[in-house]
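Okay, data_37.csv is below, CSV, C-alpha atoms:
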chain,number,residue,atom,x,y,z
Q,1,MET,CA,0.0,0.0,0.0
Q,2,ARG,CA,1.5,3.3,-1.1
Q,3,GLU,CA,1.4,6.3,1.3
Q,4,ARG,CA,-1.0,9.1,0.4
Q,5,ILE,CA,-1.0,12.7,1.7
Q,6,SER,CA,-3.6,15.4,1.3
Q,7,VAL,CA,-2.9,18.5,-0.9
Q,8,LEU,CA,-5.8,20.9,-0.7
Q,9,LYS,CA,-8.0,18.0,0.6
Q,10,VAL,CA,-7.0,16.0,-2.5
Q,11,PRO,CA,-5.2,12.6,-1.8
Q,12,VAL,CA,-2.0,12.2,-3.8
Q,13,ASP,CA,0.5,9.3,-3.9
Q,14,VAL,CA,3.9,9.7,-2.3
Q,15,CYS,CA,6.2,8.1,-4.9
Q,16,SER,CA,8.9,9.1,-7.4
Q,17,ALA,CA,8.4,9.2,-11.1
Q,18,LYS,CA,10.5,6.0,-11.4
Q,19,GLU,CA,8.3,4.2,-8.9
Q,20,ALA,CA,5.2,5.5,-10.7
Q,21,MET,CA,6.6,4.2,-14.0
Q,22,LYS,CA,7.1,0.7,-12.5
Q,23,ILE,CA,3.5,0.7,-11.3
Q,24,ALA,CA,2.2,2.1,-14.6
Q,25,ILE,CA,4.0,-0.6,-16.6
Q,26,SER,CA,2.5,-3.3,-14.4
Q,27,TYR,CA,-0.9,-1.7,-15.1
Q,28,MET,CA,-0.2,-2.2,-18.8
Q,29,GLU,CA,-0.2,-6.0,-18.2
Q,30,THR,CA,-3.7,-6.1,-16.7
Q,31,GLU,CA,-7.1,-6.5,-18.3
Q,32,ALA,CA,-9.1,-4.0,-16.3
Q,33,VAL,CA,-8.6,-0.2,-16.7
Q,34,ASN,CA,-6.2,1.4,-14.2
Q,35,VAL,CA,-6.7,5.1,-13.7
Q,36,ILE,CA,-3.8,7.5,-13.2
Q,37,GLU,CA,-4.4,11.3,-12.6
Q,38,VAL,CA,-1.7,13.9,-12.9
Q,39,LEU,CA,-3.1,16.6,-10.6
Q,40,ASN,CA,-2.9,20.3,-11.7
Q,41,SER,CA,-4.0,23.5,-9.9
Q,42,ASP,CA,-7.3,23.8,-11.7
Q,43,VAL,CA,-8.4,20.4,-10.5
Q,44,ALA,CA,-7.1,21.0,-7.0
Q,45,LEU,CA,-8.9,24.2,-6.6
Q,46,GLN,CA,-12.2,22.7,-7.8
Q,47,ALA,CA,-11.8,19.7,-5.6
Q,48,ASP,CA,-11.2,21.9,-2.6
Q,49,VAL,CA,-14.9,22.9,-2.7
Q,50,ASN,CA,-16.4,19.9,-4.6
Q,51,GLU,CA,-16.7,16.8,-2.4
Q,52,GLU,CA,-17.9,14.6,-5.3
Q,53,LEU,CA,-14.8,15.5,-7.4
Q,54,ARG,CA,-12.6,14.7,-4.4
Q,55,SER,CA,-14.3,11.3,-4.1
Q,56,TRP,CA,-13.7,10.5,-7.8
Q,57,ILE,CA,-10.0,11.4,-7.4
Q,58,GLU,CA,-9.7,9.4,-4.2
Q,59,ASN,CA,-10.9,6.2,-5.9
Q,60,MET,CA,-8.3,6.5,-8.7
Q,61,ASP,CA,-5.5,4.0,-8.7
Q,62,MET,CA,-2.7,6.5,-8.7
Q,63,VAL,CA,-2.7,10.3,-8.3
Q,64,LEU,CA,0.5,12.4,-8.9
Q,65,ILE,CA,1.3,16.1,-8.4
Q,66,GLY,CA,1.8,17.7,-11.8
Q,67,GLU,CA,2.7,21.3,-11.1
Q,68,HIS,CA,5.4,23.2,-9.2
Q,69,MET,CA,2.6,25.5,-8.1
Q,70,LEU,CA,1.0,22.8,-6.0
Q,71,LEU,CA,4.4,22.2,-4.3
Q,72,GLU,CA,5.2,25.9,-3.8
Q,73,ALA,CA,1.8,26.8,-2.5
Q,74,THR,CA,1.6,24.0,0.0
Q,75,LYS,CA,4.0,22.7,2.7
Q,76,VAL,CA,4.5,19.4,0.9
Q,77,GLN,CA,7.8,20.5,-0.5
Q,78,LYS,CA,9.2,21.1,3.0
Q,79,THR,CA,8.6,17.5,4.0
Q,80,GLY,CA,11.4,16.3,1.7
Q,81,LYS,CA,9.1,13.9,-0.1
Q,82,PHE,CA,8.9,16.0,-3.2
Q,83,GLY,CA,11.5,18.0,-4.9
Q,84,GLU,CA,10.0,18.2,-8.4
Q,85,PRO,CA,6.4,17.6,-9.5
Q,86,GLU,CA,6.8,13.9,-10.1
Q,87,GLY,CA,3.6,13.8,-12.1
Q,88,ARG,CA,5.1,15.9,-14.9
Q,89,LEU,CA,8.3,13.9,-15.0
Q,90,PHE,CA,6.2,10.7,-15.0
Q,91,THR,CA,4.1,11.9,-17.9
Q,92,LYS,CA,7.1,12.4,-20.1
Q,93,MET,CA,8.6,9.1,-19.1
Q,94,PHE,CA,5.3,7.3,-19.7
Q,95,VAL,CA,4.7,8.8,-23.1
Q,96,ARG,CA,8.3,7.9,-24.1
Q,97,TYR,CA,7.5,4.4,-23.0
Q,98,LEU,CA,4.4,4.4,-25.2
Q,99,HIS,CA,6.6,5.6,-28.1
Q,100,LYS,CA,9.4,3.2,-27.6
Q,101,ASN,CA,7.1,0.2,-27.3
Q,102,ARG,CA,4.8,1.3,-30.2
Q,103,LYS,CA,1.7,1.2,-28.0
Q,104,LYS,CA,-1.8,1.9,-29.2
Q,105,VAL,CA,-3.6,4.9,-27.7
Q,106,PHE,CA,-6.9,6.7,-27.9
Q,107,LEU,CA,-7.1,10.5,-27.4
Q,108,LEU,CA,-9.8,12.4,-25.6
Q,109,ALA,CA,-10.1,16.2,-25.5
Q,110,ASP,CA,-12.7,19.0,-24.8
Q,111,GLY,CA,-13.2,19.7,-28.5
Q,112,GLU,CA,-12.3,18.6,-31.9
Q,113,LYS,CA,-9.6,21.3,-32.3
Q,114,GLU,CA,-7.8,20.3,-29.1
Q,115,ALA,CA,-7.9,16.7,-30.1
Q,116,ASP,CA,-6.4,17.5,-33.5
Q,117,GLU,CA,-3.7,19.6,-32.0
Q,118,PHE,CA,-2.8,16.9,-29.5
Q,119,GLU,CA,-2.7,14.2,-32.2
Q,120,GLN,CA,-0.4,16.5,-34.3
Q,121,TYR,CA,1.9,17.0,-31.3
Q,122,LEU,CA,2.2,13.3,-30.7
Q,123,HIS,CA,2.8,12.5,-34.4
Q,124,SER,CA,5.6,15.1,-34.5
Q,125,HIS,CA,7.4,14.2,-31.2
Q,126,TYR,CA,6.4,10.5,-30.6
Q,127,SER,CA,5.8,9.1,-34.1
Q,128,ASN,CA,5.9,5.5,-33.0
Q,129,ILE,CA,2.8,5.9,-30.9
Q,130,LYS,CA,-0.1,4.3,-32.8
Q,131,ILE,CA,-3.1,6.6,-32.5
Q,132,ARG,CA,-6.1,4.3,-32.9
Q,133,GLY,CA,-8.7,7.0,-32.5
Q,134,LYS,CA,-9.7,10.4,-31.0
Q,135,TYR,CA,-12.9,12.0,-29.7
Q,136,TRP,CA,-14.1,15.0,-27.7
Q,137,MET,CA,-16.4,15.7,-24.8
Q,138,THR,CA,-18.7,18.6,-25.9
Q,139,GLU,CA,-22.1,19.3,-24.4
Q,140,GLU,CA,-23.7,17.7,-27.5
Q,141,VAL,CA,-21.9,14.4,-27.0
Q,142,ASP,CA,-23.1,11.9,-24.4
Q,143,GLU,CA,-20.9,9.6,-22.4
Q,144,LEU,CA,-22.2,6.4,-24.0
Q,145,THR,CA,-21.1,7.7,-27.4
Q,146,VAL,CA,-17.6,8.4,-26.2
Q,147,ALA,CA,-17.3,5.0,-24.5
Q,148,ASN,CA,-18.5,3.2,-27.7
Q,149,ARG,CA,-15.9,5.2,-29.7
Q,150,ILE,CA,-13.1,4.0,-27.4
Q,151,ASN,CA,-14.3,0.4,-27.3
Q,152,GLY,CA,-14.6,0.4,-31.1
Q,153,THR,CA,-10.8,0.5,-31.3
Q,154,GLU,CA,-8.0,-1.7,-30.1
Q,155,ASN,CA,-5.9,0.4,-27.7
Q,156,ASP,CA,-3.5,0.0,-24.7
Q,157,CYS,CA,-4.0,3.4,-23.2
Q,158,ILE,CA,-6.4,6.3,-23.2
Q,159,LEU,CA,-4.8,9.8,-23.0
Q,160,SER,CA,-7.2,12.4,-21.7
Q,161,ILE,CA,-6.8,16.2,-21.8
Q,162,ILE,CA,-10.4,16.9,-20.8
Q,163,SER,CA,-11.0,19.7,-18.4
Q,164,ALA,CA,-12.2,19.1,-14.8
Q,165,PRO,CA,-14.6,17.9,-13.6
Q,166,LYS,CA,-15.7,16.3,-16.9
Q,167,GLN,CA,-12.6,14.2,-17.1
Q,168,GLU,CA,-12.9,12.8,-13.5
Q,169,GLU,CA,-16.6,12.3,-13.8
Q,170,PHE,CA,-16.4,10.4,-17.1
Q,171,ILE,CA,-13.8,7.9,-15.9
Q,172,ALA,CA,-15.4,7.4,-12.5
Q,173,LYS,CA,-18.7,6.5,-14.2
Q,174,ASN,CA,-17.3,4.5,-17.2
Q,175,LYS,CA,-14.2,2.8,-15.8
Q,176,ASN,CA,-15.9,-0.6,-15.7
Q,177,VAL,CA,-17.1,-0.5,-19.3
Q,178,LEU,CA,-13.9,0.7,-21.1
Q,179,ASN,CA,-11.7,-1.7,-23.0
Q,180,SER,CA,-8.2,-0.4,-22.3
Q,181,ARG,CA,-5.4,-1.0,-19.8
Q,182,VAL,CA,-4.5,2.5,-18.6
Q,183,TRP,CA,-6.3,5.8,-18.4
Q,184,LEU,CA,-3.9,8.7,-18.0
Q,185,GLY,CA,-5.8,11.9,-17.1
Q,186,LEU,CA,-3.7,15.0,-17.8
Q,187,GLY,CA,-6.4,17.6,-17.7
Q,188,ARG,CA,-6.9,20.6,-19.9
Q,189,GLY,CA,-3.6,21.4,-21.7
Q,190,GLY,CA,-1.9,18.3,-20.4
Q,191,GLN,CA,1.5,18.0,-18.8
Q,192,LEU,CA,3.4,18.0,-22.0
Q,193,GLU,CA,4.8,20.9,-24.0
Q,194,TRP,CA,2.2,20.8,-26.7
Q,195,GLU,CA,0.3,23.8,-25.5
Q,196,LYS,CA,2.0,26.9,-24.2
Q,197,GLU,CA,-0.3,29.9,-23.8
Q,198,LYS,CA,1.0,33.4,-23.6
Q,199,SER,CA,-1.1,34.0,-20.6
Q,200,GLY,CA,0.5,31.1,-18.8
Q,201,ARG,CA,2.6,33.2,-16.4
Q,202,ILE,CA,-0.3,35.5,-15.5
Q,203,ARG,CA,-2.6,32.4,-14.9
Q,204,SER,CA,0.1,30.8,-12.8
Q,205,PHE,CA,0.5,34.0,-10.7
Q,206,PHE,CA,-3.2,34.3,-9.9
Q,207,LEU,CA,-3.7,30.5,-9.3
Q,208,LYS,CA,-0.7,30.5,-6.9
Q,209,SER,CA,-2.0,33.5,-5.0
Q,210,PHE,CA,-5.5,31.9,-4.7
Q,211,LEU,CA,-3.9,28.7,-3.5
Q,212,LYS,CA,-2.0,30.5,-0.8
Q,213,GLN,CA,-5.2,32.3,0.3
Q,214,ILE,CA,-7.0,29.0,0.7
Q,215,LEU,CA,-4.1,27.6,2.7
Q,216,LYS,CA,-4.0,30.6,5.0
Q,217,LYS,CA,-7.7,30.3,5.5
Q,218,GLU,CA,-7.4,26.6,6.4
Q,219,GLN,CA,-4.5,27.4,8.8
Q,220,ARG,CA,-6.6,30.0,10.7
Q,221,LYS,CA,-9.5,27.6,10.9
Q,222,ASN,CA,-7.2,24.9,12.4
Q,223,GLU,CA,-5.7,27.4,14.9
Q,224,ALA,CA,-9.1,28.6,16.0

Spell out the structure here as structure tokens.
Amino acid sequence: MRERISVLKVPVDVCSAKEAMKIAISYMETEAVNVIEVLNSDVALQADVNEELRSWIENMDMVLIGEHMLLEATKVQKTGKFGEPEGRLFTKMFVRYLHKNRKKVFLLADGEKEADEFEQYLHSHYSNIKIRGKYWMTEEVDELTVANRINGTENDCILSIISAPKQEEFIAKNKNVLNSRVWLGLGRGGQLEWEKEKSGRIRSFFLKSFLKQILKKEQRKNEA
């Protein structure tokens, strides 16, 4: 049993990227879908006030920190258990593994444009990955349609860059019906270098400030 700690009420696994890789590779040898989430700030902030979202994340097989911001804005970094966001490093290692071993993947995104851009990025940087299909989670598309699209292909892994809480809700409700081995939830934008927005620094500043405000509020509540 791996140790878990709470980051903004969200349970995350305490393990290195190398340890996470060993676990993920073992998942690739199973029949049932194993769910991995790389936690970003957007998800953490929503989960702080959304009990159902926290429950979905808690029931995942492995949850890793994916952003420096979550380390810097919390006291986790001071425990010595994390030096870098292991989730980000793990993501790069795992995608390289998919590339090296010519694994078959299915891509999920918020929209058709994002799915196309993600596919193009993988083709350009990880050309040995065999993309068996892609689909998107718009308001017009129901979950059953998405599940049928996935199950209509032969794939080893599902890579999701769907925004929260749609991503977490979908896999929580459909895990038992999906024909794949690993679900890797990266969230909107993913943890790769495929999408860099000009507003990234401004977004990071405000998210970090908001995270610190939440932590100070929690600290005052505990001291009261």

Which polymer residues, whether protein, DNA or RNA, lie within 9 Å of the coordinate (-8.7, 13.8, -24.5) when you count only C-alpha atoms? List them as an MDAnalysis selection string, using the chain letters and numbers from the file.
chainID Q and resid 106:111 114:115 118 134:137 158:163 167 185:188

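As for CA of Asp48 in chain Q and CA of Met21 in chain Q, they are spaced 27.6 Å apart.
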
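The smallest atom-to-atom distance between Asn59 in chain Q and any of Q:Lys175, Q:Lys166, Q:Lys103, Q:His125, using all atoms listed in the file, is found for Q:Lys175.
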
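Distances to Trp56 in chain Q were evaluated for Q:Leu184, Q:Ile25, Q:Ala172, Q:Leu71 using only C-alpha atoms, and the minimum falls at Q:Ala172.
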
Selection: 9 Å around Glu37 in chain Q, only C-alpha atoms, excl. self and same-chain fewer than 5 positions, as a list in words:
Ile57, Met60, Asp61, Met62, Val63, Leu64, Ile65, Gly66, Gly87, Glu168, Trp183, Leu184, Gly185, Leu186 and Gly187 of chain Q

With range 177-180 of chain Q as the partner and 10 Å as the cut-off, tabulate the residues of range 79-146 of chain Q that qualify, each row holding the nearest pair of atoms and their distance in Å to one decimal, using all atoms listed in the file, sorted by chain and rising number, as a Markdown table.
| residue | atom | partner | partner_atom | distance |
| --- | --- | --- | --- | --- |
| Q:Lys104 | CA | Q:Ser180 | CA | 9.7 |
| Q:Val105 | CA | Q:Ser180 | CA | 8.9 |
| Q:Phe106 | CA | Q:Ser180 | CA | 9.1 |
| Q:Leu144 | CA | Q:Val177 | CA | 9.8 |
| Q:Val146 | CA | Q:Leu178 | CA | 9.9 |

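Proximity to Tyr27 in chain Q was assessed for Q:Asp13, Q:Glu154, Q:Phe94, Q:Tyr126 counting all atoms listed in the file; the smallest distance is recorded for Q:Phe94.
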
Tell me, as a PyMOL selection string, which residues lie within 8 Å of His99 in chain Q, counting only C-alpha atoms; anything in the same chain fewer than 5 positions away does not count.
chain Q and resi 126-129

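Non-sequential neighbours of Lys18 in chain Q (distance at most 10 Å, separation of 2 or more positions within a chain, all atoms listed in the file) are Cys15, Ser16, Ala20, Met21, Lys22, Ile23, Ala24, Glu86, Leu89, Phe90, Met93 and Phe94 of chain Q.
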
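Computed from the coordinates, the CA of Leu8 in chain Q to CA of Ala44 in chain Q distance equals 6.4 Å.
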
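Closest approach to Glu169 in chain Q among Q:Val38, Q:Glu52, Q:Ala47, Q:Thr30: Q:Glu52, based on all atoms listed in the file.
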